[in-house]
Amino acid sequence: MKILLMGHPNVGKSVFFNRLTGTKVFESNYPGTTVDFTKGWMRLEGEDVELIDVPGAFSLEWKDQAEEVAVKMLEENRDSVVVCVLDASKVERGLYLALEIIERGYPVVVALNMWDVTKDKNIGIDVEKLERILGVPVVATTAISGEGFKELVSKIKETAPVKIEKIIKNAGGGESAAVSG
Amino acid sequence: MPLSVDERWDLIDRISKQTVEFGAYKHTLKDAIAELTVKPLTGLPVAIAVIYGFWSFFCDFAGTLFTDGFMVKLFDEHWLPWLQSVFPGGLGNPFYALMVDAGHIENGVLVASDNCFEAFGVLTSGLFVVFGVVLWAILAFYLMFALLEDIGYLPRLAVLVDTVLHKIGLHGYAIVPTFLALGCNIPGVTATRTLETRKQRFLMITLLSVFVPCGAQIGIMQDLVPEMMGWIFLTLAIGYLGFGFILNKIVPGKSPEIIMDVPPYRMPVMKNIVSKLWIRTSKFLLVAVPFVLLGCVIVGIMYLPQVGAMDWLATVLGPFLMSWFGVPGETVSPLIAGFLRKDLAVGMLGGLMEQGIMTTFQVFTSVVLLCIYFPCLATFALMIKEEKWKEFIGSIASLVVMVLVYGGLIHVVGIMLGVA
Amino acid sequence: MEKKLSEMEFDEEGTVREIKENLRKQVAGMGIREGKEIRMATKQPIKGPVVVEVDKSLTSLGLGVAEKIVVEVDKDRKRR
């Protein structure tokens, strides 16, 4: 098993990565490209598990080489758990990426990072309800202070793939997509 | 089953309606600054201030504090005299010349060097270039760069320069590889990944390898010819934009417009900065140290009177260099060293300057030529790896043309101004 | 009144009405889509890019990209 850390650029993913891994961190180059990524190891229930900091991507519909590599790395590591790091103050566009990953059948843990910013910006997120709808663990984190990391780590082994149809049902949908505003 | 874009957004809307609540929110000072620094009227002066601050720190911290204040004294007053006194062989011995001091001819007599730019031994100039000058320049550069990166300033700079860079087929984000290449061309070439098309990456890699001097080189230039730095950067910038404009017209392919997230400012995290600084600096040292030392050995061997290769090259290429670029034949040796390491090459130029055989304009031309004539070997190797062979040949061909045209042009301008 | 995003005035607000098909996927990850409120944060001179605010985050778009997005602007509404 590997753990892939995925998320938009600029959501504090590298701080997140540094917090999860020990001191042994390697930067390597994705073969045939100019894209570098970092990997390290984290302790998970007494085991050392490889953690890969995948290049930032806004969507799996890649438009530059870094995003292309992100998609390739996801495809090459079918047996991974994906920790999807979102900017909690921009949940909607973060969910866009998270859903794309869930749709492809990966077990996902959603980290609502920069949780402290949501308080500043007066944004309220019902984490439990979000977790119920998505059917995957959702954890509020602040990478800079370390808030939520214990919980996040404990959820990595719990998560499992979810069918998108189930999420649509949980969200009260099921009827056609014409309900949008 | 994957959803379509619209289906996915509909689902997100439904989810967020049930789970997210946007309370009343006033734009704060931070938001105001976030916007002001990206507006042209306020953003451009800020950008100039940031770059000036960056440059001042680079000069003061690396140049004045470490190199001049400490390292030059350590190397010239203690390390070099000590080696000269204890190293077996002595002046004129080939091994001594390679490792410590080749000396130079003054009035027909071989005399010992009194500084580490001139000595040109592996243990003197080689170590001095890496640990006396370049390491501090690189540290200062990457520290500032990591700060700008983590604060979230770079995307704003990218928006501000997009207007100009789009005219040469790149987009604003090309400022990141360009800026990074000012530290070392290798991560600069690597950072071209954020550009979208092959055309953009080709343009960027070619322009980088020609017109963007690396931090090691800048550190040495700043140490040797501080008064010329403004002119040197201006000349390089004109070349970058001018040849970028031309290349954009002749290279086929698309140059899509920018679509880029402009993130909010954030407090940088110490651990993150330190970890980046460590990764980049150690990577740099891994490449630089062997190449500088190897360069010292190769150039040293060519210089040996028993070998005489450098003298021969200077005689053969001298007339061409003199007539086309207006620089003396002696610059052949730095130009050859420049294949291996630019910092070493500029350092050798320093040795020539100390001997007083070049006019000010010739020094200027040589320094610019060293920047543009060939990427260092490590960058060259990376280009072979990164580019398809057709692009690579294109890069090299453009490089040769640009050097000949631009180098000649500088000479012509010099003649017209009456300084060449 | 509908106009192109590229024609919006500085600080003007509106609602995204139409995004050209080939652009949709590209801007989707940035949270720009039909029905979203959008504000023009800055416009760079000499045909430079625009910076727009959607969901309290800023995105920079080239002018040619902005031309492919149609926005309905509401004249009476005041910001904040």
# chains A, B, ... in the order shown; residues from 1 in each chain; ligands from 1
$ residues_around --residues "Lys271 in chain B" --least-positions-apart "3" --cutoff "12 Å" --atoms "only C-alpha atoms" --output "number ranges by chain"
A: 14-19, 23, 143-145; B: 146-147, 150, 268, 274-278
$ write_last_selection --atoms "N, CA and C atoms" --output "compact mmCIF listing (two decimals), in the first residue's frame"
# COMPACT_ATOMS: atom_id res chain seq x y z
N SER A 14 2.68 20.76 0.80
CA SER A 14 4.04 20.37 1.18
C SER A 14 4.26 20.49 2.69
N VAL A 15 3.59 21.45 3.32
CA VAL A 15 3.65 21.53 4.78
C VAL A 15 3.00 20.28 5.37
N PHE A 16 1.90 19.90 4.77
CA PHE A 16 1.16 18.71 5.13
C PHE A 16 2.07 17.48 5.06
N PHE A 17 2.76 17.39 3.95
CA PHE A 17 3.67 16.28 3.70
C PHE A 17 4.77 16.23 4.75
N ASN A 18 5.38 17.39 5.00
CA ASN A 18 6.47 17.45 5.97
C ASN A 18 6.01 17.02 7.36
N ARG A 19 4.74 17.30 7.66
CA ARG A 19 4.23 16.94 8.96
C ARG A 19 4.01 15.43 9.09
N THR A 23 12.20 12.44 8.76
CA THR A 23 13.23 13.29 8.17
C THR A 23 13.70 12.75 6.83
N ALA A 143 -2.48 22.36 8.73
CA ALA A 143 -1.14 21.77 8.62
C ALA A 143 -0.12 22.59 9.41
N ILE A 144 -0.29 23.91 9.41
CA ILE A 144 0.70 24.77 10.06
C ILE A 144 0.79 24.49 11.56
N SER A 145 -0.37 24.23 12.21
CA SER A 145 -0.33 23.98 13.65
C SER A 145 -0.36 22.49 13.99
N ALA B 146 12.45 30.84 -1.65
CA ALA B 146 11.51 30.00 -0.89
C ALA B 146 10.51 30.88 -0.13
N LEU B 147 11.00 32.01 0.39
CA LEU B 147 10.12 32.93 1.09
C LEU B 147 9.04 33.47 0.15
N ASP B 150 6.57 30.71 -0.67
CA ASP B 150 5.66 30.29 0.39
C ASP B 150 4.70 31.39 0.82
N PRO B 268 4.74 32.13 5.88
CA PRO B 268 5.62 31.01 5.55
C PRO B 268 5.91 30.17 6.79
N VAL B 274 13.13 25.63 5.45
CA VAL B 274 14.41 24.97 5.71
C VAL B 274 14.53 23.71 4.85
N SER B 275 13.43 22.96 4.76
CA SER B 275 13.50 21.72 4.00
C SER B 275 13.74 22.00 2.51
N LYS B 276 13.07 23.03 1.97
CA LYS B 276 13.30 23.40 0.57
C LYS B 276 14.73 23.87 0.35
N LEU B 277 15.19 24.69 1.28
CA LEU B 277 16.53 25.26 1.18
C LEU B 277 17.55 24.12 1.16
N TRP B 278 17.33 23.14 2.02
CA TRP B 278 18.23 22.01 2.12
C TRP B 278 18.23 21.20 0.83
$ residues_around --residues "Pro55 in chain A" --least-positions-apart "2" --cutoff "7 Å" --atoms "only C-alpha atoms" --output "PyMOL selection string"
chain A and resi 37+53+57+66-67+70
$ write_last_selection --atoms "C-alpha atoms" --output "compact mmCIF listing (two decimals), in the first residue's frame"
# COMPACT_ATOMS: atom_id res chain seq x y z
CA PHE A 37 7.92 15.01 -6.74
CA ASP A 53 3.53 14.12 -2.55
CA ALA A 57 -3.49 19.57 -9.82
CA ALA A 66 2.68 18.67 -13.76
CA GLU A 67 -1.02 17.81 -13.82
CA ALA A 70 -0.28 13.75 -11.20
$ residues_around --residues "Ile52 in chain A" --least-positions-apart "6" --cutoff "9 Å" --atoms "only C-alpha atoms" --output "tab-separated table (two decimals) with C-alpha atoms, in the first residue's frame"
chain	number	residue	atom	x	y	z
A	2	LYS	CA	1.07	3.53	-0.75
A	3	ILE	CA	-0.45	6.81	0.27
A	4	LEU	CA	-0.81	9.53	-2.34
A	5	LEU	CA	-1.13	13.11	-1.22
A	6	MET	CA	-3.16	14.98	-3.81
A	17	PHE	CA	3.67	16.28	3.70
A	37	PHE	CA	7.92	15.01	-6.74
A	38	THR	CA	8.83	14.18	-3.17
A	39	LYS	CA	8.31	10.96	-1.32
A	40	GLY	CA	8.93	9.84	2.22
A	41	TRP	CA	7.76	7.33	4.75
$ residues_around --residues "Leu58 in chain C" --least-positions-apart "4" --cutoff "6 Å" --atoms "only C-alpha atoms" --output "list in words"
Val262 of chain B; Val52 and Glu53 of chain C
$ residues_around --residues "Met144 in chain B" --least-positions-apart "2" --cutoff "12 Å" --atoms "only C-alpha atoms" --output "PyMOL selection string"
chain B and resi 50-58+61-62+137-142+146-151+153-154+179-180+183+268+273-274+276-277
$ closest_residue --among "C:Lys3, C:Arg39, C:Lys20, C:Lys56" --to "chain A" --atoms "only C-alpha atoms"
C:Lys56
$ interface_residues --of "chain C" --to "chain A" --cutoff "7 Å" --atoms "only C-alpha atoms" --output "JSON, numbers by chain"
{"C": [25, 29, 30, 31, 35]}
$ write_last_selection --atoms "N, CA and C atoms" --output "compact mmCIF listing (two decimals), in the first residue's frame"
# COMPACT_ATOMS: atom_id res chain seq x y z
N LYS C 25 -13.90 22.54 -19.34
CA LYS C 25 -13.12 21.63 -18.51
C LYS C 25 -11.91 22.33 -17.93
N GLY C 29 -11.85 23.23 -12.79
CA GLY C 29 -11.08 23.01 -11.58
C GLY C 29 -10.86 24.28 -10.78
N MET C 30 -10.97 25.43 -11.42
CA MET C 30 -10.78 26.71 -10.74
C MET C 30 -12.09 27.20 -10.12
N GLY C 31 -13.15 26.45 -10.29
CA GLY C 31 -14.42 26.84 -9.71
C GLY C 31 -15.21 27.83 -10.56
N GLY C 35 -23.54 30.10 -13.79
CA GLY C 35 -24.34 30.33 -12.59
C GLY C 35 -23.55 30.92 -11.43
$ atom_distance --atom1 "CA of Val69 in chain A" --atom2 "CA of Lys163 in chain A"
25.1 Å
$ residues_around --residues "Val108 in chain A" --least-positions-apart "2" --cutoff "8 Å" --atoms "only C-alpha atoms" --output "ChimeraX atom specification"
/A:81-84,98,101-102,106,110,136-137,159-161
